[in-house]
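What follows is the content of start.cif (mmCIF, C-alpha atoms).
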```cif
data_final
loop_
_atom_site.label_atom_id
_atom_site.label_comp_id
_atom_site.auth_asym_id
_atom_site.auth_seq_id
_atom_site.Cartn_x
_atom_site.Cartn_y
_atom_site.Cartn_z
CA MET A 28 0.00 0.00 0.00
CA PRO A 29 1.56 3.28 -1.06
CA THR A 30 1.91 5.91 1.68
CA ALA A 31 2.89 9.58 1.70
CA ARG A 32 2.34 12.75 3.63
CA LEU A 33 -0.81 13.86 1.88
CA THR A 34 -0.43 17.47 0.89
CA LYS A 35 -1.97 19.33 -2.04
CA ARG A 36 1.22 18.97 -4.08
CA VAL A 37 1.50 15.24 -3.40
CA VAL A 38 -2.17 14.56 -4.15
CA ASP A 39 -2.07 16.62 -7.36
CA GLY A 40 0.87 14.54 -8.49
CA LEU A 41 -0.85 11.18 -8.06
CA GLN A 42 -1.70 9.65 -11.44
CA PRO A 43 -4.57 7.27 -12.29
CA ASP A 44 -3.87 3.61 -12.95
CA ASP A 45 -5.72 0.80 -14.70
CA LYS A 46 -7.42 0.00 -11.39
CA PRO A 47 -8.54 2.12 -8.45
CA TYR A 48 -5.92 2.47 -5.72
CA ILE A 49 -5.50 4.29 -2.39
CA THR A 50 -2.54 6.22 -1.09
CA TYR A 51 -2.57 6.43 2.71
CA ASP A 52 -1.37 9.27 4.89
CA VAL A 53 1.77 8.55 6.92
CA ASP A 54 0.67 10.80 9.83
CA LEU A 55 -2.96 9.72 10.38
CA LYS A 56 -3.60 6.00 10.23
CA GLY A 57 -6.64 5.08 8.13
CA PHE A 58 -6.78 8.40 6.27
CA GLY A 59 -6.09 8.33 2.53
CA VAL A 60 -6.97 9.43 -0.99
CA ARG A 61 -8.56 7.10 -3.57
CA ILE A 62 -7.70 7.55 -7.27
CA LEU A 63 -10.03 6.06 -9.89
CA PRO A 64 -8.93 5.14 -13.45
CA SER A 65 -10.99 8.13 -14.62
CA GLY A 66 -8.73 10.45 -12.62
CA VAL A 67 -11.39 11.33 -9.99
CA LYS A 68 -9.83 11.62 -6.52
CA SER A 69 -11.71 11.31 -3.20
CA TRP A 70 -10.69 11.50 0.46
CA VAL A 71 -11.44 8.32 2.43
CA VAL A 72 -11.02 6.99 5.95
CA GLU A 73 -10.87 3.36 7.04
CA TYR A 74 -11.73 2.01 10.51
CA ARG A 75 -12.80 -1.11 12.37
CA PRO A 76 -16.11 -0.66 14.26
CA GLY A 77 -15.99 -2.40 17.65
CA VAL A 78 -12.97 -4.04 19.25
CA GLY A 79 -10.52 -6.56 17.81
CA ARG A 80 -8.91 -7.31 14.46
CA GLY A 81 -11.58 -9.90 13.73
CA VAL A 82 -13.99 -7.10 12.88
CA ALA A 83 -14.06 -6.26 9.18
CA LYS A 84 -12.74 -2.90 8.08
CA LYS A 85 -15.09 -0.24 6.76
CA ARG A 86 -14.18 2.46 4.29
CA MET A 87 -16.01 5.77 4.33
CA THR A 88 -15.80 8.48 1.68
CA ILE A 89 -15.26 11.93 3.21
CA GLY A 90 -15.53 14.02 0.05
CA SER A 91 -13.95 15.02 -3.24
CA VAL A 92 -10.42 16.37 -3.52
CA ALA A 93 -11.91 19.09 -5.73
CA THR A 94 -14.05 20.45 -2.86
CA LEU A 95 -12.03 19.65 0.29
CA THR A 96 -8.43 20.60 1.02
CA ALA A 97 -6.04 18.06 2.53
CA ASP A 98 -6.22 19.75 5.96
CA GLU A 99 -10.04 19.88 5.90
CA ALA A 100 -10.24 16.21 4.93
CA ARG A 101 -7.65 15.23 7.56
CA ASN A 102 -9.58 17.04 10.32
CA ALA A 103 -12.81 15.34 9.21
CA ALA A 104 -11.06 11.94 9.25
CA ARG A 105 -9.64 12.67 12.72
CA ASP A 106 -13.18 13.42 14.03
CA ILE A 107 -14.55 10.23 12.48
CA LEU A 108 -11.80 8.08 13.99
CA ALA A 109 -12.35 9.73 17.38
CA SER A 110 -16.05 8.87 17.28
CA VAL A 111 -15.16 5.27 16.37
CA ARG A 112 -12.95 5.03 19.47
CA LEU A 113 -16.01 6.10 21.50
CA GLY A 114 -18.03 3.21 20.07
CA SER A 115 -19.66 4.85 17.06
CA ASP A 116 -20.03 3.41 13.57
CA PRO A 117 -20.31 6.48 11.27
CA LEU A 118 -20.79 4.48 8.05
CA GLY A 119 -23.48 2.31 9.64
CA GLU A 120 -25.25 5.39 10.98
CA ARG A 121 -25.11 7.02 7.55
CA ALA A 122 -26.67 3.91 5.96
CA LYS A 123 -29.32 3.79 8.68
CA ALA A 124 -30.18 7.44 8.09
CA ARG A 125 -30.39 6.83 4.34
CA ASP A 126 -32.76 3.90 4.87
CA ALA A 127 -34.79 5.58 7.65
CA ALA A 128 -38.54 5.70 7.18
CA THR A 129 -40.10 8.82 5.75
CA VAL A 130 -43.25 10.30 7.24
CA SER A 131 -45.20 8.83 4.31
CA ASP A 132 -43.81 5.38 5.15
CA LEU A 133 -44.86 5.91 8.75
CA ILE A 134 -48.35 7.00 7.73
CA ASP A 135 -48.88 3.92 5.54
CA GLN A 136 -47.71 1.51 8.22
CA PHE A 137 -49.59 3.32 11.01
CA LEU A 138 -52.87 3.19 9.08
CA SER A 139 -52.55 -0.45 7.97
CA ASP A 140 -51.07 -1.98 11.16
CA HIS A 141 -52.72 0.08 13.87
CA VAL A 142 -55.60 2.33 12.84
CA GLU A 143 -57.54 0.00 10.53
CA PRO A 144 -57.55 -3.09 12.79
CA LYS A 145 -57.81 -1.31 16.16
CA ARG A 146 -59.88 1.85 15.71
CA LYS A 147 -63.60 2.24 15.12
CA PRO A 148 -64.59 3.04 11.51
CA LYS A 149 -65.41 6.72 12.17
CA THR A 150 -62.13 7.23 14.05
CA ALA A 151 -60.17 5.45 11.31
CA GLU A 152 -61.85 7.68 8.73
CA LEU A 153 -60.77 10.79 10.66
CA TYR A 154 -57.17 9.53 10.93
CA ARG A 155 -56.97 8.76 7.22
CA HIS A 156 -58.38 12.15 6.26
CA VAL A 157 -56.06 14.13 8.55
CA LEU A 158 -52.90 12.23 7.60
CA ASN A 159 -53.53 12.08 3.84
CA ALA A 160 -54.99 15.55 3.35
CA TYR A 161 -52.87 17.67 5.70
CA VAL A 162 -49.79 15.83 7.00
CA ARG A 163 -48.53 13.86 3.98
CA PRO A 164 -48.49 16.83 1.52
CA VAL A 165 -46.47 18.98 3.94
CA VAL A 166 -43.92 16.65 5.57
CA GLY A 167 -44.51 13.30 3.85
CA LYS A 168 -41.15 13.23 2.02
CA ARG A 169 -39.11 14.08 5.11
CA LYS A 170 -37.43 11.42 7.19
CA ALA A 171 -39.62 10.78 10.20
CA VAL A 172 -36.71 11.47 12.55
CA ASP A 173 -35.97 14.79 10.85
CA VAL A 174 -39.40 16.31 11.49
CA THR A 175 -39.13 18.92 14.23
CA LYS A 176 -41.54 20.46 16.66
CA ALA A 177 -41.27 23.65 14.60
CA ASN A 178 -42.50 21.77 11.49
CA ILE A 179 -45.54 20.44 13.34
CA ALA A 180 -46.22 23.79 15.02
CA LYS A 181 -46.26 25.46 11.58
CA LEU A 182 -48.63 22.80 10.24
CA HIS A 183 -50.88 23.48 13.22
CA HIS A 184 -50.66 27.25 12.71
CA ASP A 185 -51.53 26.99 9.02
CA LEU A 186 -54.85 25.39 10.03
CA ARG A 187 -55.67 28.16 12.53
CA ASP A 188 -58.89 29.11 10.71
CA ARG A 189 -60.16 25.62 11.60
CA PRO A 190 -59.09 25.19 15.24
CA TYR A 191 -60.88 21.87 15.77
CA LEU A 192 -59.18 20.34 12.72
CA ALA A 193 -55.81 21.85 13.68
CA ASN A 194 -55.99 20.33 17.16
CA ARG A 195 -57.12 16.93 15.85
CA THR A 196 -54.17 16.97 13.41
CA ILE A 197 -51.72 17.49 16.29
CA ALA A 198 -53.38 14.67 18.24
CA VAL A 199 -53.21 12.25 15.30
CA VAL A 200 -49.55 13.06 14.55
CA GLY A 201 -48.71 12.61 18.23
CA SER A 202 -50.48 9.26 18.28
CA MET A 203 -48.62 8.11 15.16
CA TYR A 204 -45.18 9.03 16.56
CA SER A 205 -45.97 7.43 19.90
CA TRP A 206 -46.95 4.20 18.12
CA ALA A 207 -43.83 4.30 15.91
CA GLY A 208 -41.61 4.73 18.97
CA LYS A 209 -43.14 1.67 20.64
CA ARG A 210 -42.60 -0.33 17.44
CA GLY A 211 -38.94 0.71 17.25
CA LEU A 212 -39.41 2.51 13.92
CA ILE A 213 -38.03 5.73 15.41
CA PRO A 214 -36.16 6.48 18.65
CA ASP A 215 -38.38 6.01 21.69
CA ASN A 216 -39.82 9.21 23.21
CA TYR A 217 -39.16 11.15 19.98
CA ASN A 218 -42.40 13.00 19.26
CA PRO A 219 -42.42 16.39 17.48
CA ALA A 220 -46.11 16.88 18.34
CA ASN A 221 -45.44 16.97 22.07
CA LYS A 222 -46.29 20.26 23.83
CA VAL A 223 -47.48 22.04 20.69
CA GLU A 224 -49.93 24.52 22.18
CA LYS A 225 -53.43 23.86 20.93
CA PHE A 226 -56.01 26.42 19.88
CA LYS A 227 -58.95 27.18 22.09
CA GLU A 228 -62.04 25.43 20.76
CA ASP A 229 -65.44 27.03 21.14
CA ARG A 230 -67.71 24.05 21.64
CA ARG A 231 -70.71 24.29 19.36
CA GLU A 232 -73.55 23.36 21.68
CA ARG A 233 -77.09 24.03 20.52
CA PHE A 234 -80.03 23.22 22.78
CA LEU A 235 -83.58 23.37 21.48
CA SER A 236 -86.03 25.47 23.45
CA VAL A 237 -89.54 24.26 24.30
CA GLU A 238 -90.94 26.37 21.46
CA GLU A 239 -88.37 24.90 19.01
CA LEU A 240 -89.22 21.38 20.17
CA GLU A 241 -92.88 22.11 19.45
CA ARG A 242 -92.00 23.23 15.92
CA LEU A 243 -89.82 20.16 15.41
CA GLY A 244 -92.57 17.82 16.57
CA ALA A 245 -95.09 19.47 14.23
CA ALA A 246 -92.65 19.18 11.29
CA ILE A 247 -92.06 15.47 11.94
CA ARG A 248 -95.82 14.78 12.15
CA GLU A 249 -96.39 16.69 8.93
CA ALA A 250 -93.55 14.87 7.16
CA GLU A 251 -94.82 11.40 8.09
CA SER A 252 -98.47 12.16 7.27
CA VAL A 253 -99.07 14.56 4.37
CA GLY A 254 -95.41 15.22 3.58
CA ILE A 255 -93.29 18.37 3.42
CA GLU A 256 -93.42 20.47 0.27
CA TRP A 257 -90.11 20.96 -1.47
CA THR A 258 -89.13 24.00 -3.50
CA VAL A 259 -87.82 24.19 -7.04
CA ASP A 260 -85.18 26.53 -8.36
CA GLU A 261 -87.10 27.98 -11.29
CA SER A 262 -83.91 29.35 -12.83
CA LYS A 263 -82.56 25.87 -13.57
CA PRO A 264 -83.29 24.25 -16.98
CA THR A 265 -84.71 21.14 -15.28
CA ALA A 266 -87.32 23.18 -13.39
CA LYS A 267 -89.86 22.75 -16.21
CA HIS A 268 -89.83 18.98 -15.63
CA ALA A 269 -90.61 19.27 -11.92
CA SER A 270 -93.96 18.26 -10.45
CA LYS A 271 -96.70 20.84 -10.13
CA PRO A 272 -96.60 22.89 -6.91
CA GLY A 273 -99.48 20.95 -5.35
CA ASN A 274 -97.66 17.64 -5.86
CA ARG A 275 -94.27 18.64 -4.49
CA ARG A 276 -94.37 16.80 -1.19
CA VAL A 277 -91.95 14.32 0.38
CA VAL A 278 -93.35 11.84 2.89
CA ILE A 279 -90.86 10.23 5.29
CA SER A 280 -91.21 6.60 6.40
CA PRO A 281 -92.31 5.70 9.94
CA HIS A 282 -88.78 4.39 10.55
CA VAL A 283 -87.18 7.75 9.70
CA ALA A 284 -89.69 9.55 11.93
CA ALA A 285 -88.93 7.06 14.70
CA ALA A 286 -85.18 7.70 14.30
CA PHE A 287 -85.64 11.43 14.93
CA ARG A 288 -87.82 10.79 17.97
CA LEU A 289 -85.48 8.15 19.41
CA LEU A 290 -82.53 10.53 19.09
CA LEU A 291 -84.46 13.02 21.20
CA PHE A 292 -85.89 10.56 23.74
CA THR A 293 -82.66 8.59 24.35
CA GLY A 294 -79.82 11.09 23.82
CA ALA A 295 -78.11 8.37 21.77
CA ARG A 296 -75.56 9.07 19.05
CA LEU A 297 -76.73 8.89 15.45
CA ARG A 298 -74.89 5.63 14.60
CA GLU A 299 -76.18 4.01 17.78
CA ILE A 300 -79.73 4.48 16.49
CA LEU A 301 -79.11 3.81 12.77
CA HIS A 302 -77.14 0.62 13.52
CA LEU A 303 -79.50 -0.57 16.26
CA ARG A 304 -80.60 -4.19 15.79
CA TRP A 305 -83.85 -5.58 17.14
CA GLU A 306 -81.91 -8.28 18.98
CA TRP A 307 -80.34 -5.56 21.15
CA VAL A 308 -83.73 -4.17 22.24
CA ASP A 309 -84.90 -5.44 25.63
CA MET A 310 -88.51 -4.23 25.79
CA GLU A 311 -89.22 -6.05 29.05
CA ARG A 312 -86.55 -4.18 31.00
CA GLY A 313 -86.67 -1.05 28.83
CA LEU A 314 -83.06 -1.18 27.66
CA LEU A 315 -80.97 -0.95 24.49
CA LEU A 316 -78.03 -3.29 25.03
CA LEU A 317 -75.35 -2.11 22.59
CA PRO A 318 -72.42 -4.55 22.29
CA ASP A 319 -70.21 -1.75 20.98
CA SER A 320 -70.32 2.03 20.83
CA LYS A 321 -67.91 4.96 20.89
CA SER A 322 -67.34 4.24 24.58
CA GLY A 323 -67.50 0.41 24.34
CA ARG A 324 -70.34 -1.79 25.62
CA LYS A 325 -73.28 0.37 26.59
CA ALA A 326 -76.80 0.08 27.95
CA ILE A 327 -79.26 2.85 27.10
CA VAL A 328 -82.18 3.19 29.53
CA LEU A 329 -85.42 3.81 27.66
CA SER A 330 -88.03 6.31 28.77
CA ALA A 331 -91.74 5.46 28.45
CA PRO A 332 -92.12 7.48 25.20
CA ALA A 333 -89.10 5.67 23.69
CA VAL A 334 -90.56 2.27 24.62
CA GLN A 335 -93.85 3.25 22.98
CA ILE A 336 -92.09 4.32 19.77
CA LEU A 337 -90.30 0.96 19.56
CA SER A 338 -93.39 -1.08 20.40
CA GLU A 339 -95.41 0.57 17.60
CA LEU A 340 -92.66 0.45 14.96
CA PRO A 341 -93.04 -2.21 12.22
CA ARG A 342 -90.24 -4.78 12.18
CA VAL A 343 -88.60 -4.87 8.75
CA GLY A 344 -85.39 -6.86 8.70
CA ASP A 345 -82.64 -6.94 11.33
CA TYR A 346 -82.39 -3.22 11.98
CA VAL A 347 -84.79 -1.07 13.99
CA ILE A 348 -84.45 1.83 11.54
CA ALA A 349 -85.07 0.00 8.27
CA GLY A 350 -83.14 1.14 5.21
CA ASP A 351 -83.30 0.20 1.54
CA ARG A 352 -81.97 -3.29 2.32
CA ALA A 353 -83.15 -5.48 5.18
CA ASP A 354 -79.63 -6.80 5.86
CA LYS A 355 -77.90 -3.41 6.01
CA PRO A 356 -78.39 -0.37 8.26
CA ARG A 357 -79.50 2.98 6.92
CA SER A 358 -76.42 5.09 6.15
CA ASP A 359 -77.68 8.56 7.15
CA LEU A 360 -80.65 10.90 7.63
CA LYS A 361 -79.27 13.93 5.80
CA ARG A 362 -82.02 14.52 3.25
CA PRO A 363 -85.06 13.99 5.50
CA TRP A 364 -83.41 16.01 8.29
CA ALA A 365 -82.73 18.89 5.90
CA ALA A 366 -86.42 18.97 4.92
CA ILE A 367 -87.66 18.83 8.52
CA GLN A 368 -85.06 21.33 9.70
CA ARG A 369 -86.14 23.79 7.01
CA ARG A 370 -89.85 23.25 7.74
CA ALA A 371 -89.35 23.75 11.48
CA GLY A 372 -87.20 26.85 10.98
CA LEU A 373 -84.21 25.31 12.78
CA ASP A 374 -81.40 26.69 10.64
CA GLY A 375 -77.98 25.44 11.71
CA VAL A 376 -79.34 22.74 14.04
CA ARG A 377 -77.50 19.45 13.61
CA LEU A 378 -78.78 15.98 14.40
CA HIS A 379 -76.15 15.77 17.16
CA ASP A 380 -77.83 18.78 18.79
CA LEU A 381 -80.76 16.49 19.63
CA ARG A 382 -78.38 14.64 21.96
CA HIS A 383 -77.33 17.96 23.50
CA THR A 384 -81.00 18.85 23.95
CA TYR A 385 -81.69 15.59 25.81
CA ALA A 386 -78.78 16.35 28.16
CA SER A 387 -79.77 19.99 28.62
CA VAL A 388 -83.32 19.06 29.66
CA GLY A 389 -81.89 16.66 32.25
CA ALA A 390 -79.38 19.19 33.57
CA GLY A 391 -81.98 21.94 33.73
CA SER A 392 -84.28 19.63 35.70
CA GLY A 393 -81.65 19.24 38.41
CA LEU A 394 -80.95 15.54 37.78
CA GLY A 395 -77.25 15.97 38.43
CA LEU A 396 -74.29 15.59 36.08
CA PRO A 397 -73.27 12.05 37.20
CA VAL A 398 -76.74 10.71 36.30
CA ILE A 399 -76.75 12.54 32.95
CA GLY A 400 -73.26 11.22 32.20
CA LYS A 401 -74.44 7.63 32.77
CA LEU A 402 -77.51 8.14 30.59
CA LEU A 403 -75.34 9.48 27.77
CA GLY A 404 -72.68 6.79 28.19
CA HIS A 405 -69.84 9.19 29.02
CA THR A 406 -66.70 7.50 30.35
CA GLN A 407 -65.07 10.80 31.39
CA VAL A 408 -66.60 13.20 33.92
CA SER A 409 -65.06 16.09 31.99
CA THR A 410 -67.23 15.23 28.97
CA THR A 411 -70.44 15.76 30.95
CA GLN A 412 -69.04 18.92 32.53
CA ARG A 413 -70.03 20.92 29.45
CA TYR A 414 -73.61 20.85 30.77
CA ALA A 415 -72.63 22.15 34.21
CA HIS A 416 -73.88 25.66 33.48
CA LEU A 417 -77.38 24.25 32.92
CA ASP A 418 -77.44 22.40 36.24
CA ASN A 419 -78.42 25.58 38.10
CA ASP A 420 -81.55 24.61 40.04
CA PRO A 421 -79.76 24.08 43.41
CA LEU A 422 -77.87 27.36 42.97
CA LYS A 423 -81.06 29.15 41.98
CA ARG A 424 -82.86 27.93 45.08
CA ALA A 425 -79.87 28.87 47.23
CA THR A 426 -79.58 32.40 45.86
CA ASP A 427 -83.36 32.91 46.19
CA THR A 428 -83.17 31.92 49.86
CA ILE A 429 -80.23 34.23 50.54
CA GLY A 430 -81.83 37.09 48.61
CA ALA A 431 -85.15 36.73 50.41
CA THR A 432 -83.43 36.71 53.83
CA ILE A 433 -81.48 39.86 53.03
CA ALA A 434 -84.56 41.55 51.57
CA THR A 435 -86.54 40.82 54.75
CA ALA A 436 -83.79 42.28 56.92
CA LEU A 437 -83.75 45.38 54.75
CA GLY A 438 -87.53 45.69 55.06
CA ASP A 439 -87.69 45.75 51.27
CA GLY A 440 -91.10 44.09 51.18
CA THR A 441 -90.19 41.96 48.13
CA ALA A 442 -89.34 38.72 49.97
CA SER A 443 -91.66 35.75 49.94
CA GLY A 444 -91.61 32.07 50.86
CA ASN A 445 -89.64 30.52 53.70
CA VAL A 446 -87.37 33.24 55.00
CA VAL A 447 -84.90 32.91 57.84
CA GLY A 448 -84.37 36.11 59.81
CA LEU A 449 -80.77 37.20 60.05
CA LYS A 450 -80.89 37.09 63.85
CA ASN A 451 -82.03 33.47 63.77
CA ALA A 452 -79.71 32.36 60.96
CA LYS A 453 -76.90 29.99 61.87
CA ARG A 454 -73.51 31.56 61.85
#
```
Turn this file's structure into C-alpha cells for me.
Amino acid sequence: MPTARLTKRVVDGLQPDDKPYITYDVDLKGFGVRILPSGVKSWVVEYRPGVGRGVAKKRMTIGSVATLTADEARNAARDILASVRLGSDPLGERAKARDAATVSDLIDQFLSDHVEPKRKPKTAELYRHVLNAYVRPVVGKRKAVDVTKANIAKLHHDLRDRPYLANRTIAVVGSMYSWAGKRGLIPDNYNPANKVEKFKEDRRERFLSVEELERLGAAIREAESVGIEWTVDESKPTAKHASKPGNRRVVISPHVAAAFRLLLFTGARLREILHLRWEWVDMERGLLLLPDSKSGRKAIVLSAPAVQILSELPRVGDYVIAGDRADKPRSDLKRPWAAIQRRAGLDGVRLHDLRHTYASVGAGSGLGLPVIGKLLGHTQVSTTQRYAHLDNDPLKRATDTIGATIATALGDGTASGNVVGLKNAKR
C-alpha cells in the first residue's frame, strides 16, 4: 500500500492507474486518498467498528479532492476516527439514516397496522383524512426522525382558521409518533407533536327550546303524514320537468320519523340508532343493550315514550331503523333532516344537537351531572361537565333563599316564601 504525507502537491501529483488504488497518509492512520482510473480523486477513511482485528474494516468516503483541502479532509477523518474510538459506527449510521422511514412510510404503516384493525370506523376515517390531506403533503417526504416540533407547530398554525381540525391533526400526529416509537421505527420518546400549544375550541352546543321542540314535533308529524313540500329553483333548466306545486311533497317513512324521535328521547348518538338491531332491544326491561359504541359496551335506559315508539314500529329486517336493504343499516338521515329542519325553521341545528337537547333538559331539571353522564354513556366526567352551566336549580334555590333573607332584613317588602331572619340564621 503506497503511503505519503498527503499534501496538495503530493495529491495533485498522483496519477490514475488501470485499477482504483488508495494512497494512505503517513501521519494519520486510516486516512487516505482514492484515485479512480478516470482520474477522480476522493478523500477516504478506514476504521474497524468495535474491538478486535476480527472485525471487518469499513471504508467511508469523506468528500472530493476538488471540494475539500487536505487539511479539511484530515480534520474530518480525525473526528470520524475519534467517534469510532467512542463506540460509534459512522458508516453504519449514515446507511441507517439513508434507509430511515419517511413520514409517508410511517403513515402507511400506522394506518394499515394500527388504525384500521384497532380503531372504530369513524375514528379510522378521521385519521386517514387528517394524515392524507394535511400531514402527507407537507412533511410526507421528510425522514420521520428529521421532522421537528417547529415543522408540526407550523402545520398546526396553518390550520388556525379551523381550530378543531388543527388540534385533531396534532393529536393524530402525536399518536402516530408514539406508536412508531413503541414499534422501534423511530427512537423512543421522539415525538415532534409533544407540547405544541393547541387552539382554544369554542364548543358548538345548541339546545332546542320548548318552542323549538314544538315546531320540530309538528314538522315530523307533517312529514310522516301529508309530507313536506319541497321548493324548485325555477332558474334551472330542469325546473320545467318538476312536479306541479301541489304535488311537491316528500313523505318520510315511519322508521325515519322514529329515528328522529329516538334521538331526542334517548340522547343516543346517530350511529347508535341507525345501527341498532332488534336483537339488542330489551322491551321487558326497557333497555338498548349495545355490544359496541364509541365508549364500548353500553346500555341505554329507555323512557316510556321511547318504549312506545319501539313497540309501535313495524319490524322490517334486522335493523330497527329500516333502510333500503333489510340486511344493512340505513347510512344517514341527511335529506329527511334537511327537509324537517327547514320546515321547522331550525337553521344550523344538527342531528347531534338532539343529543345535547336531551342532556340539557336533564341538567336543567336538576338531575345531576353524574346521572346525565351515565344516561349518555360518558366515560369521562369532563365530557359531561359541558352541561354544568345548565345544572343551576340548586344554585337558583340557594340564591333565592339568601336574597329573600337579606330583603326581609332590609324591610324591602319583596321577599316571599320561607325566609330565615338574620338574627335566627346559623352563623
Taking the file as shown, find all residues satisfying the PyMOL selection byres ((chain A and resi 141-154) around 10) and write them as a ChimeraX atom specification.
/A:134-140,155-160,192,195-196,198-200,202-203,206,298,319-321
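Distances here use only C-alpha atoms; by that measure, the residue among A:Val278, A:Leu337, A:Ile197, A:Val72 closest to Glu256 in chain A is A:Val278.
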Restricting to only C-alpha atoms, whichever of A:Arg369, A:Asp44, A:Glu299, A:Arg382 is closest to Tyr346 in chain A is A:Glu299
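CA of Arg296 in chain A is positioned 19.6 Å from CA of Leu340 in chain A.
Here CA of Ile327 in chain A and CA of Trp305 in chain A stand 13.8 Å from one another.
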